[in-house]
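Below is one structure, written out as structure tokens; comments come after it.
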Amino acid sequence: MISTLQSRMLRGADGDPAPRLAYGADYNPEQWPRDVWEEDVRLMREAGVTVVSVGIFSWARIQPGPDIWDFGWLDEVMDLLHAGGIGVDLATATASPPPWLTTAHPEILPVTANGETLWPGARQHWRPTSPVFREHALRLVREIAGRYKDHPALVAWHVSNELGCHNIYDFSDDAARAFRLWLRARYGTLEALNHAWGTAFWSQRYSDWEQILPPRLAASHPNPTQQLDFKRFSSDALKDHLVAEREILREITPGVPVTTNFMVMGGTKGMNYPDWADETDFVSNDHYVHPGPQDRDELSFSANLVSGIAGGRPWFLMEHSTSAVNWQPVNVAKRPGDLARDSLLHVAHGADAVCFFQWRQSVAGAEKYHSAMVPHAGADSDLFRAVVDLGATLKTLAPVAGSEREAAAVGILYDWESWWAAEQDSHPTSLLDYRREALDWYSALLALGVRADLVTTRADLSRHQVLIAPVLHVVPAELAKDLTRYVEQGGHLVTTYFSGVVDENDHVWLGGYPGALRELLGIRVEEFGPLLAGESVELDDSTRGSLWTDQITLADGDTEVLAHYRSGVHAGRPAVTRRSTGDGSASYVSTRLGVDGLRSLLPRLLDPAGVSSELPPQARGPVELTVRRGPGGRFLFLVNRTDETVPVPGFDGEVLLGARDAEGSLVLGPREVAVLRRPAA
Ligand code: GLA
């Protein structure tokens with residue numbers, strides 16, 4: 001994966017063999033007259049752009065009718081970019097079907113759970129399971145791949161665009177047919193499906209596969225396992241589309257890497273990306289900041305999670321914004337320094353490319369108020385100057401290209417199945433927010449200056465001395481065994497409320513919660529105690545819990561209580577526990593403590609593992625540290641999270657980016673990023 005990324009994407013069309021960090025944007029020349037294209041290439045060169053993604057929304061332009069093809073303009077664009085030394089990440093253009101196709105075949109349009117059709121007029125109005133759409137899309141992919149297979153500007157293929165952004169859940173008849181096939185493959189027999197779905201409840205027993213439907217709008221809560229399976233199926237249906245396009249690209253251009261841009265950000269949860277990652281030649285991600293108190297923690301968290309999804313290998317930041325977006329209730333412009341810091345924070349977490357949506361800000365269309373590398377104001381603007389500066393910075397960071405994430409002592413387990421299942425309806429609370437809980441643990445670790453890796457269940461968990469698994473709701477028997485082994489081998493597991501409650505069929509583990517982890521944790525919970533919105537309880541370590549409490553009994557003599565409830569119905573009972581086994585331990589946090597509470601609790605959870613901050617005391621909190629490692633050395637990224645100047649004394653290494661003061665202490669200006677190189681040990 002790394003070698004393809006380095007040999008193609010990081011090379012650019014100018015053929016420079018030295019690895020470097022790629023820099024660029026989505027480029028939509030079809031929105032502009034021909035004379036602008038020349039200026040585009042000139043400005044791209046000025047900015048140090050090495051790669052652009054072309055043709056993402058060009059289907060209607062490339063194929064204006066069923067049997068009409070118009071490649072002339074794209075040929076010219078490809079040639080111009082190549083002449084300018086800029087590589088092309090060429091899109092398969094299947095993201096937005098043209099009007100002639102939806103008019104002739106309205107049966108490709110997605111349908112909501114309520115039975116409403118999503119009409120054309122925006123984008124991504126296609127059913128992932130429509131055989132008609134698939135046929136037309138694959139024909140387009142074959143035409144494009146055949147035409148540009150030998151073009152020297154081509155450095156990678158960009159499948160569709162943000163698969164699932166608008167069409168992850170389709171409840172159409174096509175979806176129903178495909179869902180049944182998927183269920184047959186998963187369960188084999190109706191008997192097995194009836195058992196898994198618990199259809200003895202509410203008279204739901206199926207006697208024929210044809211009776212099964214997607215969980216369409218129903219009179220009350222649809223069957224929970226049906227809902228969970230529909231989420232799994234919907235993610236798989238889009239993965240199947242990705243694979244179908246990729247197979248054609250691999251057949252025609254076996255040497256050109258294939259990617260598709262994931263959306264690991266905010267609340268995007270429909271696509272199970274850890275499960276998609278292996279279907280790409282390198283992982284790409286899009287990220288947009290959602291302004292708010294934890295916004296840059298969230299950026300760091302997302303970038304870190306992408307790195308986990310990519311198995312610690314380098315990945316591609318395919319899109320983010322130079323400044324404001326256009327799709328939030330209020331679209332806030334970035335402040336000076338944000339453009340560079342946001343970009344470098346992604347690099348700190350393993351991105352080998354920094355790309356934006358988009359190159360030139362549109363004059364028309366739904367995204368005309370979305371920022372770009374060249375704003376409406378033109379190249380004579382602070383924004384374009386910042387873009388040029390960032391291009392120069394990325395050039396100086398060329399030695400970082402290709403380096404991988406160095407494992408941190410702390411891992412945070414992020415599990416899509418638990419995310420999906422824990423937030424379903426008909427649960428003890430509808431207020432639970434899986435991602436929020438994980439982000440709070442991450443924010444608390446950032447505040448303590450402790451480095452942590454977001455990891456998925458596919459990772460080698462033994463790389464981390466401490467493994468935090470917030471709301472690990474779905475615990476199949478195998479995972480329970482893995483976690484037990486982890487603790488027996490000296491690992492320190494920390495988990496929270498509503499963890500270990502169900503198996504992969506969303507069936508409750510019996511005998512007391514958290515069934516699958518009860519013995520490991522040495523506790524037993526007879527009843528959940530969710531709290532009302534706004535309600536909170538006090539703990540005897542002066543933290544406060546909200547959202548959830550548990551009625552905990554200690555079930556093992558080795559289990560100690562780290563904090564009790566001081567108020568609420570469980571006052572006097574355990575709130576936070578730890579059971580030690582050999583060198584390892586398993587801790588349980590039964591309430592939502594929030595960032596401040598976790599920050600105060602975490603040192604007690606990290607201590608037994610001997611884990612603490614690698615930063616000097618004054619930098620713990622204000623500075624985020626990440627480490628990448630490659631043949632060229634260990635690269636330490638120090639990111640100033642604050643608007644103040646922060647000194648970081650005692651940190652040696654060659655300064656690739658940043659500055660030291662007269663005493664040799666590294667000094668980070670507001671929102672500044674420094675990069676040090678140390679020899680690889
Ligand atoms: C996504 C899409 C782009 C564009 C941006 C705007 O990332 O892939 O086409 O719509 O959002 O933020």
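By order in the structure tokens, chains are A, B, ...; within a chain, residues start at 1; ligands start at 1, following the order shown.
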Show me which residues are within 10 Å of ligand 1 counting only C-alpha atoms and all ligand atoms, and format the list as a PyMOL selection string. chain A and resi 26+56-57+95+123+160-163+165+261-263+285-289+318-321+324-328+356-358+366-367+369-372
Hey, what's within 10 Å of His166 of chain A if we count only C-alpha atoms and toss same-chain stuff fewer than 6 positions away? As a PDB file with C-alpha atoms, in the first residue's frame, please?
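Generated output (result26.pdb):
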ATOM      1  CA  PRO A 110     -33.377   6.022  -3.876  1.00  0.00           C
ATOM      2  CA  LEU A 118     -35.261  11.213  -3.656  1.00  0.00           C
ATOM      3  CA  ALA A 122     -28.865  17.606  -6.308  1.00  0.00           C
ATOM      4  CA  ARG A 123     -26.378  14.708  -6.454  1.00  0.00           C
ATOM      5  CA  GLN A 124     -25.874  11.058  -5.507  1.00  0.00           C
ATOM      6  CA  HIS A 125     -29.480  10.213  -6.368  1.00  0.00           C
ATOM      7  CA  TRP A 126     -28.884   6.539  -7.056  1.00  0.00           C
TER       8      TRP A 126
END
Based on DSSP run over this structure's backbone, return all residues of segment 32-172 of chain A in helix (DSSP H, G or I), as a ChimeraX atom specification. /A:34-47,59-62,72-83,99-104,106-108,131-148
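Across the model, the gap from atom CA of Ser284 of chain A to atom CA of Thr259 of chain A is 6.6 Å.
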Surrounding residues of Ser302 of chain A excluding itself and chain neighbours under 5 positions, 9 Å, only C-alpha atoms, as a PyMOL selection string: chain A and resi 264-266+287+297+307+346+454
Can those selected residues be exported to a file as an mmCIF file, in the first residue's frame so that it contains N, CA and C atoms?
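selection-v5.cif, freshly written:
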data_model
loop_
_atom_site.group_PDB
_atom_site.id
_atom_site.type_symbol
_atom_site.label_atom_id
_atom_site.label_comp_id
_atom_site.auth_asym_id
_atom_site.auth_seq_id
_atom_site.Cartn_x
_atom_site.Cartn_y
_atom_site.Cartn_z
ATOM 1 N N VAL A 264 -14.635 10.154 7.448
ATOM 2 C CA VAL A 264 -14.492 9.982 8.892
ATOM 3 C C VAL A 264 -14.499 11.371 9.501
ATOM 4 N N MET A 265 -15.630 11.782 9.969
ATOM 5 C CA MET A 265 -15.810 13.118 10.570
ATOM 6 C C MET A 265 -17.181 13.160 11.235
ATOM 7 N N GLY A 266 -17.309 14.056 12.199
ATOM 8 C CA GLY A 266 -18.605 14.315 12.832
ATOM 9 C C GLY A 266 -19.414 13.049 13.023
ATOM 10 N N HIS A 287 -12.434 15.633 5.526
ATOM 11 C CA HIS A 287 -12.780 16.098 6.870
ATOM 12 C C HIS A 287 -13.131 17.576 6.857
ATOM 13 N N ASP A 297 -10.173 19.136 18.674
ATOM 14 C CA ASP A 297 -10.010 17.789 19.235
ATOM 15 C C ASP A 297 -10.671 16.793 18.285
ATOM 16 N N SER A 307 -6.101 7.002 10.599
ATOM 17 C CA SER A 307 -4.834 6.299 10.691
ATOM 18 C C SER A 307 -5.058 4.869 11.201
ATOM 19 N N HIS A 346 -3.543 16.839 10.288
ATOM 20 C CA HIS A 346 -3.798 15.603 9.527
ATOM 21 C C HIS A 346 -2.479 14.905 9.192
ATOM 22 N N LEU A 454 -6.363 5.865 18.110
ATOM 23 C CA LEU A 454 -7.672 5.284 17.849
ATOM 24 C C LEU A 454 -7.438 3.999 17.064
#
Quick one: everything within 9 Å of segment 540-556 of chain A, counting only C-alpha atoms, minus sequence neighbours fewer than 6 positions away in the same chain. Send it as a ChimeraX atom specification. /A:429,431-432,497-498,518-519,521-534,562-567,569-570,572-575,577,579,590-594,596-598,600-601
Using only C-alpha atoms for the distances, tell me which of A:Tyr486, A:Trp509, A:Trp315, A:Phe201 is nearest to Glu404 of chain A. A:Trp315
Leu193 of chain A surroundings by only C-alpha atoms, 12 Å radius, close-in-sequence under 4 positions cut, as JSON, numbers by chain: {"A": [180, 182, 183, 184, 185, 186, 187, 188, 189, 197, 198, 199, 200, 204, 205, 206, 207, 208, 209, 212, 225, 226, 229, 505]}
Calculate how many Å separate atom CA of Pro257 of chain A from atom CA of Gly85 of chain A, rounding to one decimal. 19.0 Å
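Nearest residue to Glu143 of chain A, choosing from A:Ser536, A:Thr260, A:Thr94, A:Thr645 and counting only C-alpha atoms: A:Thr94.
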Residues within 8 Å of segment 407-412 of chain A, only C-alpha atoms, excluding chain neighbours under 6 positions, as a short mmCIF file (atom, residue, chain, number, x, y, z; two decimals) with all heavy atoms, in the first residue's frame:
data_model
loop_
_atom_site.label_atom_id
_atom_site.label_comp_id
_atom_site.auth_asym_id
_atom_site.auth_seq_id
_atom_site.Cartn_x
_atom_site.Cartn_y
_atom_site.Cartn_z
N ALA A 438 -16.47 8.57 23.11
CA ALA A 438 -15.09 8.25 22.71
C ALA A 438 -14.28 9.54 22.57
O ALA A 438 -13.12 9.61 23.00
CB ALA A 438 -15.10 7.48 21.39
N TYR A 442 -10.81 10.96 24.46
CA TYR A 442 -9.68 11.46 23.66
C TYR A 442 -9.31 12.87 24.09
O TYR A 442 -8.14 13.19 24.29
CB TYR A 442 -10.08 11.41 22.18
CG TYR A 442 -8.93 11.69 21.23
CD1 TYR A 442 -7.93 10.76 21.02
CD2 TYR A 442 -8.87 12.90 20.53
CE1 TYR A 442 -6.89 11.00 20.14
CE2 TYR A 442 -7.83 13.16 19.65
CZ TYR A 442 -6.84 12.20 19.46
OH TYR A 442 -5.82 12.45 18.59
N ARG A 451 -0.43 10.75 24.65
CA ARG A 451 -0.66 10.33 23.28
C ARG A 451 -1.52 9.07 23.26
O ARG A 451 -1.30 8.15 24.06
CB ARG A 451 0.72 10.02 22.68
CG ARG A 451 0.83 9.97 21.21
CD ARG A 451 2.26 10.32 20.81
NE ARG A 451 3.26 9.41 21.35
CZ ARG A 451 3.66 8.29 20.77
NH1 ARG A 451 3.12 7.92 19.62
NH2 ARG A 451 4.61 7.54 21.31
N ALA A 452 -2.50 9.00 22.36
CA ALA A 452 -3.36 7.82 22.25
C ALA A 452 -3.65 7.53 20.79
O ALA A 452 -3.75 8.45 19.98
CB ALA A 452 -4.66 8.05 23.00
N ASP A 453 -3.79 6.25 20.45
CA ASP A 453 -4.14 5.85 19.09
C ASP A 453 -5.58 5.37 19.05
O ASP A 453 -5.97 4.50 19.85
CB ASP A 453 -3.28 4.66 18.64
CG ASP A 453 -1.82 5.03 18.44
OD1 ASP A 453 -1.52 6.23 18.35
OD2 ASP A 453 -1.00 4.09 18.38
N LEU A 454 -6.36 5.86 18.11
CA LEU A 454 -7.67 5.28 17.85
C LEU A 454 -7.44 4.00 17.06
O LEU A 454 -6.71 4.01 16.07
CB LEU A 454 -8.51 6.24 17.01
CG LEU A 454 -9.48 7.21 17.69
CD1 LEU A 454 -10.53 6.47 18.48
CD2 LEU A 454 -8.77 8.19 18.57
N VAL A 455 -8.02 2.90 17.53
CA VAL A 455 -7.82 1.62 16.84
C VAL A 455 -9.17 0.93 16.63
O VAL A 455 -10.15 1.25 17.30
CB VAL A 455 -6.88 0.68 17.64
CG1 VAL A 455 -5.49 1.26 17.71
CG2 VAL A 455 -7.42 0.40 19.04
N LEU A 461 -4.26 -5.42 19.43
CA LEU A 461 -4.51 -4.65 20.65
C LEU A 461 -3.34 -4.71 21.62
O LEU A 461 -3.16 -3.82 22.44
CB LEU A 461 -5.79 -5.16 21.32
CG LEU A 461 -7.04 -5.14 20.42
CD1 LEU A 461 -8.24 -5.70 21.17
CD2 LEU A 461 -7.34 -3.74 19.90
N ARG A 463 -0.44 -4.03 21.26
CA ARG A 463 0.55 -2.95 21.11
C ARG A 463 0.36 -1.86 22.16
O ARG A 463 1.22 -1.00 22.32
CB ARG A 463 0.40 -2.31 19.72
CG ARG A 463 0.94 -3.18 18.59
CD ARG A 463 0.35 -2.77 17.27
NE ARG A 463 0.77 -1.45 16.82
CZ ARG A 463 1.78 -1.22 15.99
NH1 ARG A 463 2.49 -2.23 15.54
NH2 ARG A 463 2.07 -0.01 15.61
N HIS A 464 -0.78 -1.87 22.83
CA HIS A 464 -1.07 -0.78 23.77
C HIS A 464 -1.12 -1.30 25.21
O HIS A 464 -1.78 -2.29 25.49
CB HIS A 464 -2.41 -0.13 23.41
CG HIS A 464 -2.47 0.27 21.97
ND1 HIS A 464 -1.82 1.37 21.48
CD2 HIS A 464 -3.04 -0.33 20.90
CE1 HIS A 464 -1.99 1.45 20.17
NE2 HIS A 464 -2.73 0.43 19.79
N GLN A 465 -0.44 -0.57 26.11
CA GLN A 465 -0.46 -0.99 27.52
C GLN A 465 -1.82 -0.74 28.14
O GLN A 465 -2.25 -1.44 29.04
CB GLN A 465 0.58 -0.21 28.35
CG GLN A 465 2.01 -0.66 28.13
CD GLN A 465 2.77 0.31 27.24
OE1 GLN A 465 2.55 0.32 26.03
NE2 GLN A 465 3.66 1.11 27.82
N VAL A 466 -2.49 0.30 27.65
CA VAL A 466 -3.84 0.61 28.15
C VAL A 466 -4.78 0.62 26.96
O VAL A 466 -4.48 1.22 25.93
CB VAL A 466 -3.87 2.00 28.83
CG1 VAL A 466 -5.29 2.35 29.29
CG2 VAL A 466 -2.91 2.05 30.02
N LEU A 467 -5.90 -0.06 27.11
CA LEU A 467 -6.89 -0.07 26.03
C LEU A 467 -8.21 0.45 26.58
O LEU A 467 -8.79 -0.16 27.49
CB LEU A 467 -7.08 -1.49 25.49
CG LEU A 467 -8.05 -1.61 24.32
CD1 LEU A 467 -7.46 -0.93 23.07
CD2 LEU A 467 -8.37 -3.07 24.02
N ILE A 468 -8.64 1.59 26.05
CA ILE A 468 -9.90 2.18 26.51
C ILE A 468 -10.98 1.83 25.48
O ILE A 468 -10.81 2.09 24.29
CB ILE A 468 -9.75 3.71 26.64
CG1 ILE A 468 -8.66 4.02 27.68
CG2 ILE A 468 -11.07 4.35 27.05
CD1 ILE A 468 -8.29 5.50 27.77
N ALA A 469 -12.04 1.21 25.95
CA ALA A 469 -13.10 0.78 25.04
C ALA A 469 -14.42 1.37 25.51
O ALA A 469 -15.20 0.71 26.19
CB ALA A 469 -13.16 -0.75 25.00
N PRO A 470 -14.69 2.63 25.15
CA PRO A 470 -15.92 3.26 25.65
C PRO A 470 -17.15 2.63 24.99
O PRO A 470 -17.15 2.37 23.78
CB PRO A 470 -15.77 4.73 25.20
CG PRO A 470 -14.39 4.87 24.64
CD PRO A 470 -13.92 3.50 24.26
N VAL A 611 1.85 4.64 32.60
CA VAL A 611 1.73 5.54 31.44
C VAL A 611 1.51 6.97 31.92
O VAL A 611 0.66 7.23 32.77
CB VAL A 611 0.54 5.12 30.54
CG1 VAL A 611 0.33 6.12 29.42
CG2 VAL A 611 0.79 3.73 29.96
#
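Nearest-residue note for Leu339 of chain A: choosing from A:Leu138, A:Met373, A:Val77, A:Ala586, the minimum distance belongs to A:Met373, counting only C-alpha atoms.
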Could you give me, as a PyMOL selection string, the residues within 6 Å of Arg629 of chain A, counting only C-alpha atoms and dropping anything in the same chain fewer than 5 positions from it? chain A and resi 403-404+406+634
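Nearest-residue note for Glu504 of chain A: choosing from A:Val673, A:Ala196, A:Gly658, A:Ala340, the minimum distance belongs to A:Ala196, counting only C-alpha atoms.
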What gap, in Å, lies between atom CA of Ser234 of chain A and atom CA of Pro98 of chain A? 23.5 Å
